[in-house]
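K.L.:
Next up, final.cif (mmCIF, C-alpha atoms and all ligand atoms).
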data_final
#
loop_
_atom_site.label_atom_id
_atom_site.label_comp_id
_atom_site.auth_asym_id
_atom_site.auth_seq_id
_atom_site.Cartn_x
_atom_site.Cartn_y
_atom_site.Cartn_z
CA MET A 1 24.35 -22.49 7.65
CA ALA A 2 21.80 -19.92 6.50
CA LYS A 3 19.12 -19.14 9.04
CA LEU A 4 15.57 -20.30 8.33
CA ARG A 5 12.59 -18.24 9.36
CA ARG A 6 8.82 -18.72 9.24
CA ASP A 7 6.44 -15.79 8.86
CA ARG A 8 3.03 -14.90 7.46
CA GLY A 9 1.93 -11.92 5.49
CA ILE A 10 0.28 -10.34 2.47
CA VAL A 11 2.02 -10.36 -0.91
CA LEU A 12 2.25 -6.71 -1.99
CA THR A 13 3.98 -6.98 -5.37
CA ALA A 14 5.53 -9.63 -7.59
CA ARG A 15 7.77 -9.17 -10.60
CA ASP A 16 9.77 -11.38 -12.91
CA VAL A 17 13.54 -11.42 -12.55
CA GLN A 18 16.17 -13.40 -14.46
CA GLU A 19 14.84 -16.14 -16.72
CA THR A 20 12.52 -18.04 -14.41
CA ASP A 21 12.55 -16.29 -11.01
CA ARG A 22 10.16 -13.93 -9.28
CA LEU A 23 10.89 -11.27 -6.69
CA ILE A 24 8.05 -10.62 -4.27
CA GLN A 25 7.50 -7.98 -1.62
CA VAL A 26 5.55 -9.09 1.40
CA LEU A 27 4.07 -7.19 4.32
CA SER A 28 4.80 -9.73 7.03
CA GLU A 29 3.57 -10.14 10.59
CA ARG A 30 6.96 -10.38 12.27
CA GLU A 31 9.26 -8.38 10.04
CA GLY A 32 7.21 -5.75 8.25
CA LYS A 33 8.06 -5.17 4.58
CA ILE A 34 10.46 -7.79 3.21
CA ALA A 35 11.68 -8.86 -0.24
CA ILE A 36 11.94 -12.57 -1.11
CA LEU A 37 13.39 -14.21 -4.18
CA VAL A 38 11.43 -17.19 -5.49
CA LYS A 39 13.66 -19.40 -7.60
CA ARG A 40 12.16 -21.05 -10.69
CA ALA A 41 8.71 -19.60 -9.83
CA ARG A 42 7.80 -19.37 -13.51
CA ARG A 43 8.53 -22.99 -14.33
CA MET A 44 5.45 -25.09 -15.02
CA GLU A 45 6.26 -27.47 -12.18
CA SER A 46 6.62 -24.70 -9.59
CA PRO A 47 3.89 -24.92 -6.95
CA TYR A 48 4.44 -21.31 -5.91
CA GLY A 49 3.60 -19.23 -8.97
CA ALA A 50 -0.12 -18.97 -8.19
CA ILE A 51 0.24 -18.86 -4.40
CA LEU A 52 2.58 -15.88 -4.42
CA GLU A 53 0.32 -13.45 -6.26
CA PRO A 54 -0.33 -9.97 -4.81
CA THR A 55 -3.33 -9.82 -2.40
CA ASN A 56 -2.78 -13.41 -1.15
CA TYR A 57 -2.22 -14.01 2.57
CA VAL A 58 0.56 -16.57 2.74
CA GLU A 59 2.77 -18.50 5.12
CA LEU A 60 6.44 -18.52 4.15
CA ILE A 61 9.58 -20.33 5.17
CA TYR A 62 12.70 -18.62 3.88
CA TYR A 63 16.44 -18.32 4.28
CA VAL A 64 17.63 -15.09 5.85
CA ARG A 65 20.59 -13.61 3.98
CA ASP A 66 21.91 -10.30 2.66
CA GLY A 67 19.84 -8.90 -0.20
CA PRO A 68 16.42 -10.42 -0.77
CA TYR A 69 15.67 -13.47 1.35
CA LEU A 70 15.37 -16.80 -0.42
CA LEU A 71 12.11 -18.75 -0.40
CA LYS A 72 12.12 -22.35 0.79
CA GLU A 73 8.38 -23.07 1.05
CA ALA A 74 5.09 -21.21 0.74
CA SER A 75 1.49 -22.06 1.48
CA LEU A 76 -1.75 -20.17 1.22
CA VAL A 77 -3.44 -18.87 4.38
CA ARG A 78 -6.23 -16.86 2.79
CA LEU A 79 -7.23 -16.06 -0.73
CA PHE A 80 -9.28 -12.91 -1.30
CA SER A 81 -10.95 -14.82 -4.09
CA GLN A 82 -13.86 -12.46 -4.70
CA LEU A 83 -11.43 -9.75 -5.78
CA ARG A 84 -10.50 -11.87 -8.80
CA GLY A 85 -14.03 -11.66 -10.14
CA ASP A 86 -14.29 -7.86 -9.93
CA ALA A 87 -11.91 -5.98 -12.20
CA ALA A 88 -12.37 -2.55 -10.55
CA ALA A 89 -11.94 -3.94 -7.03
CA LEU A 90 -8.87 -5.93 -8.08
CA GLU A 91 -7.31 -2.90 -9.76
CA ALA A 92 -7.86 -0.81 -6.60
CA ALA A 93 -6.38 -3.62 -4.47
CA LEU A 94 -3.26 -3.92 -6.63
CA MET A 95 -2.78 -0.14 -6.75
CA GLY A 96 -3.17 0.09 -2.97
CA LEU A 97 -0.67 -2.74 -2.40
CA ALA A 98 1.88 -1.21 -4.80
CA PHE A 99 1.42 2.13 -3.00
CA THR A 100 2.06 0.35 0.30
CA ALA A 101 5.23 -1.27 -1.08
CA GLU A 102 6.46 2.11 -2.26
CA HIS A 103 5.66 4.14 0.83
CA LEU A 104 6.63 1.84 3.69
CA PRO A 105 10.27 1.49 4.66
CA GLU A 106 11.87 -1.99 4.74
CA GLY A 107 11.35 -3.93 7.96
CA ASN A 108 9.45 -2.05 10.64
CA PRO A 109 6.67 -4.49 11.59
CA GLU A 110 3.52 -2.48 12.31
CA PRO A 111 0.47 -4.55 13.29
CA GLU A 112 -1.74 -1.53 12.59
CA VAL A 113 -0.51 -1.28 9.00
CA LEU A 114 -1.04 -4.98 8.36
CA ARG A 115 -4.52 -4.72 9.89
CA LEU A 116 -5.34 -1.78 7.61
CA VAL A 117 -4.17 -3.65 4.49
CA ARG A 118 -6.25 -6.72 5.42
CA GLU A 119 -9.26 -4.56 6.15
CA PHE A 120 -8.88 -2.83 2.78
CA LEU A 121 -8.90 -6.16 0.90
CA LEU A 122 -11.83 -7.47 2.95
CA GLU A 123 -13.89 -4.33 2.44
CA LEU A 124 -13.19 -4.38 -1.31
CA GLU A 125 -14.59 -7.93 -1.34
CA ARG A 126 -17.64 -6.66 0.52
CA GLY A 127 -18.30 -3.97 -2.06
CA LEU A 128 -16.30 -0.95 -0.90
CA SER A 129 -16.38 1.69 -3.66
CA PRO A 130 -12.99 1.00 -5.32
CA ARG A 131 -11.71 4.52 -6.09
CA VAL A 132 -12.99 6.23 -2.91
CA GLY A 133 -11.81 3.22 -0.91
CA LEU A 134 -8.38 3.38 -2.52
CA LEU A 135 -7.99 7.07 -1.72
CA ALA A 136 -9.12 6.53 1.89
CA PHE A 137 -6.77 3.56 2.26
CA GLU A 138 -3.76 5.49 0.94
CA LEU A 139 -4.46 8.48 3.19
CA LYS A 140 -4.75 6.19 6.22
CA LEU A 141 -1.61 4.30 5.29
CA LEU A 142 0.45 7.49 5.00
CA SER A 143 -0.85 8.74 8.31
CA LEU A 144 -0.09 5.39 10.05
CA ALA A 145 3.40 5.50 8.54
CA GLY A 146 3.82 8.90 10.18
CA HIS A 147 3.84 11.12 7.10
CA GLY A 148 0.22 11.77 6.26
CA PRO A 149 -0.37 15.01 4.34
CA HIS A 150 -1.38 18.08 6.29
CA LEU A 151 -5.08 18.59 5.52
CA THR A 152 -6.31 21.21 7.98
CA GLY A 153 -5.60 24.45 6.13
CA CYS A 154 -2.15 25.72 5.23
CA VAL A 155 0.68 23.78 6.89
CA ARG A 156 2.45 27.07 7.78
CA CYS A 157 -0.23 29.59 8.70
CA GLY A 158 -3.42 27.54 9.03
CA GLY A 159 -5.18 29.74 6.46
CA GLU A 160 -7.85 28.25 4.22
CA GLU A 161 -7.55 30.58 1.20
CA GLY A 162 -5.64 29.85 -2.01
CA LEU A 163 -4.41 26.44 -0.95
CA THR A 164 -2.04 24.51 -3.22
CA TRP A 165 -0.32 21.16 -2.82
CA SER A 166 3.18 20.48 -1.58
CA PRO A 167 4.19 16.86 -2.27
CA ASP A 168 6.20 16.75 0.96
CA GLU A 169 3.71 18.27 3.35
CA GLY A 170 0.22 18.60 1.95
CA LEU A 171 -1.67 21.90 1.84
CA ILE A 172 0.20 25.17 1.64
CA CYS A 173 -1.21 28.60 0.73
CA ARG A 174 0.17 30.92 -1.93
CA THR A 175 1.16 33.54 0.67
CA CYS A 176 3.39 30.95 2.34
CA GLY A 177 5.05 29.94 -0.93
CA GLY A 178 2.56 27.44 -2.37
CA LYS A 179 2.76 26.91 -6.13
CA GLY A 180 0.76 25.16 -8.83
CA ASN A 181 -2.98 24.58 -9.11
CA GLU A 182 -5.35 25.46 -6.35
CA VAL A 183 -6.78 22.54 -4.38
CA PRO A 184 -10.51 23.20 -4.06
CA PRO A 185 -11.95 23.14 -0.50
CA SER A 186 -14.38 20.34 -1.42
CA LEU A 187 -11.38 18.14 -2.27
CA TRP A 188 -9.23 18.67 0.80
CA ARG A 189 -12.21 18.54 3.15
CA GLY A 190 -13.21 15.26 1.51
CA MET A 191 -9.67 13.90 1.92
CA ARG A 192 -9.67 14.93 5.57
CA MET A 193 -12.95 13.07 6.18
CA LEU A 194 -11.70 9.97 4.39
CA THR A 195 -8.59 9.94 6.61
CA ARG A 196 -10.73 9.94 9.76
CA LEU A 197 -13.63 7.63 8.94
CA PRO A 198 -13.37 3.83 9.17
CA LEU A 199 -12.89 2.34 5.69
CA ARG A 200 -16.32 0.71 5.63
CA ALA A 201 -17.95 4.09 6.23
CA THR A 202 -16.11 5.95 3.48
CA GLY A 203 -18.94 5.27 1.02
CA ARG A 204 -20.86 7.99 2.87
CA VAL A 205 -18.38 10.66 1.79
CA LYS A 206 -19.43 12.29 -1.44
CA VAL A 207 -16.38 13.01 -3.54
CA VAL A 208 -16.80 14.37 -7.07
CA LYS A 209 -15.23 11.97 -9.57
CA GLU A 210 -12.79 14.60 -10.94
CA ASP A 211 -11.73 15.54 -7.39
CA LEU A 212 -11.15 11.90 -6.60
CA GLU A 213 -8.80 11.36 -9.54
CA VAL A 214 -6.93 14.61 -8.72
CA ALA A 215 -6.49 13.45 -5.11
CA LEU A 216 -5.15 10.04 -6.19
CA LYS A 217 -2.64 11.85 -8.43
CA LEU A 218 -1.60 14.23 -5.63
CA LEU A 219 -0.83 11.31 -3.32
CA ARG A 220 1.31 9.72 -6.02
CA GLN A 221 3.56 12.81 -5.94
CA PHE A 222 4.48 11.93 -2.37
CA PRO A 223 8.12 10.92 -2.02
CA SER A 224 8.57 7.14 -1.76
CA SER A 225 10.09 5.62 1.36
CA THR A 226 13.49 5.30 -0.38
CA ALA A 227 13.45 8.96 -1.43
CA ARG A 228 12.47 9.87 2.11
CA THR A 229 15.37 8.10 3.83
CA ARG A 230 17.92 9.41 1.35
CA PRO A 231 20.14 12.06 2.97
ZN ZN B 1 -0.10 29.82 4.63
#
Could the structure of this file be written out as structure tokens, please?
Ligand SMILES: [Zn+2]

P.N.:
Amino acid sequence: MAKLRRDRGIVLTARDVQETDRLIQVLSEREGKIAILVKRARRMESPYGAILEPTNYVELIYYVRDGPYLLKEASLVRLFSQLRGDAAALEAALMGLAFTAEHLPEGNPEPEVLRLVREFLLELERGLSPRVGLLAFELKLLSLAGHGPHLTGCVRCGGEEGLTWSPDEGLICRTCGGKGNEVPPSLWRGMRMLTRLPLRATGRVKVVKEDLEVALKLLRQFPSSTARTRP
């Protein structure tokens, strides 16, 4: 008989599969990142469609098997309901959760990562500036996952002149082989501060809007967890 397991966690992503099913990714307390198939989730009579939306904190009972696990039951633990009323905060939350799904390897339960994700959603509800908060969250997540970008001068020589961006490592200067556009000092110093400060204090960091959008793009060039584990 298939093994049943109970766990709690935050729904990171949800997408439609087959005719009526949904596949969700959850950052769970006991197992880390897991994928669960929800049969008939899109049928009118399904009680789980609304519960298993990204950002929700849920309790799950599921069958353990090869491939995605199979949902048996789900219930809501906590709804970050104020996010639903604030389009910018919700967009930042969904982007941050999708980034988490992409950059964390399967399994690997990390209480610190789950704490950071919860804190991010809570602070967004409390009025955290969405774009600065998102950037700070993503920087912190990468550094907790053990591959945060190098942000203290060039990764090879430590120099602070002519710095460019390497998607694998972070800052690298032209002398050491860096290519592409220069990353202005205001930007990488801002990113470094955002990595270090608690999320709720990141509103104090002044980041120019253009710099902010460039930084969010740079982080999206980072290899995903699947690309990273590939030989
Ligand atoms: Zn260098």

K.L.:
Of the candidates A:Leu171, A:Arg131, A:Gly177, A:Gly148, which shows the shortest atom-to-atom distance to Glu210 of chain A, using only C-alpha atoms?

P.N.:
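Counting only C-alpha atoms, the residue closest to Glu210 of chain A is A:Arg131.
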
K.L.:
Can you tell me which residues sit at most 9 Å away from ligand ZN 1 (chain B), counting only C-alpha atoms and all ligand atoms, written as a ChimeraX atom specification?

P.N.:
/A:153-163,171-178

K.L.:
Tell me which protein, DNA and RNA residues are within 9 Å of Ala2 of chain A, counting only C-alpha atoms, leaving out same-chain ones fewer than 2 positions away, and put them as a list in words.

P.N.:
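That gives Leu4, Tyr63, Val64 and Arg65 of chain A.
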
K.L.:
Could I get the residues of segment 109-157 of chain A with an atom no further than 10 Å from an atom of segment 12-36 of chain A, each paired with its nearest atom pair and that distance in Å to one decimal, using all atoms listed in the file, sorted by chain and residue number, as a Markdown table?

P.N.:
| residue | atom | partner | partner_atom | distance |
| --- | --- | --- | --- | --- |
| A:Pro109 | CA | A:Gly32 | CA | 3.6 |
| A:Glu110 | CA | A:Gly32 | CA | 6.4 |
| A:Pro111 | CA | A:Glu29 | CA | 6.9 |
| A:Val113 | CA | A:Leu27 | CA | 8.8 |
| A:Leu114 | CA | A:Leu27 | CA | 6.9 |
| A:Arg115 | CA | A:Glu29 | CA | 9.8 |
| A:Val117 | CA | A:Leu27 | CA | 9.0 |

K.L.:
How many Å separate atom CA of Pro68 of chain A from atom CA of Val38 of chain A?

P.N.:
9.6 Å

K.L.:
Of the candidates A:Lys39, A:Arg126, A:Lys3, A:Arg189, which one gets nearest to Val208 of chain A if we count all atoms listed in the file?

P.N.:
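Going through A:Lys39, A:Arg126, A:Lys3, A:Arg189 one by one, the smallest distance to Val208 of chain A is for A:Arg189.
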
K.L.:
What's around segment 90-99 of chain A at 7 Å? Count only C-alpha atoms, leave out sequence neighbours fewer than 4 positions away in its own chain, and write the answer as a ChimeraX atom specification.

P.N.:
/A:12-13,54,83-84,86,103,121,130-131,134,138

K.L.:
In Å, how far is it from atom CA of Pro105 of chain A to atom CA of Lys217 of chain A?

P.N.:
21.1 Å

K.L.:
What does the structure give for the distance between atom CA of Pro167 of chain A and atom CA of Phe222 of chain A, in Å to one decimal?

P.N.:
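Here the two named atoms are 4.9 Å from each other.
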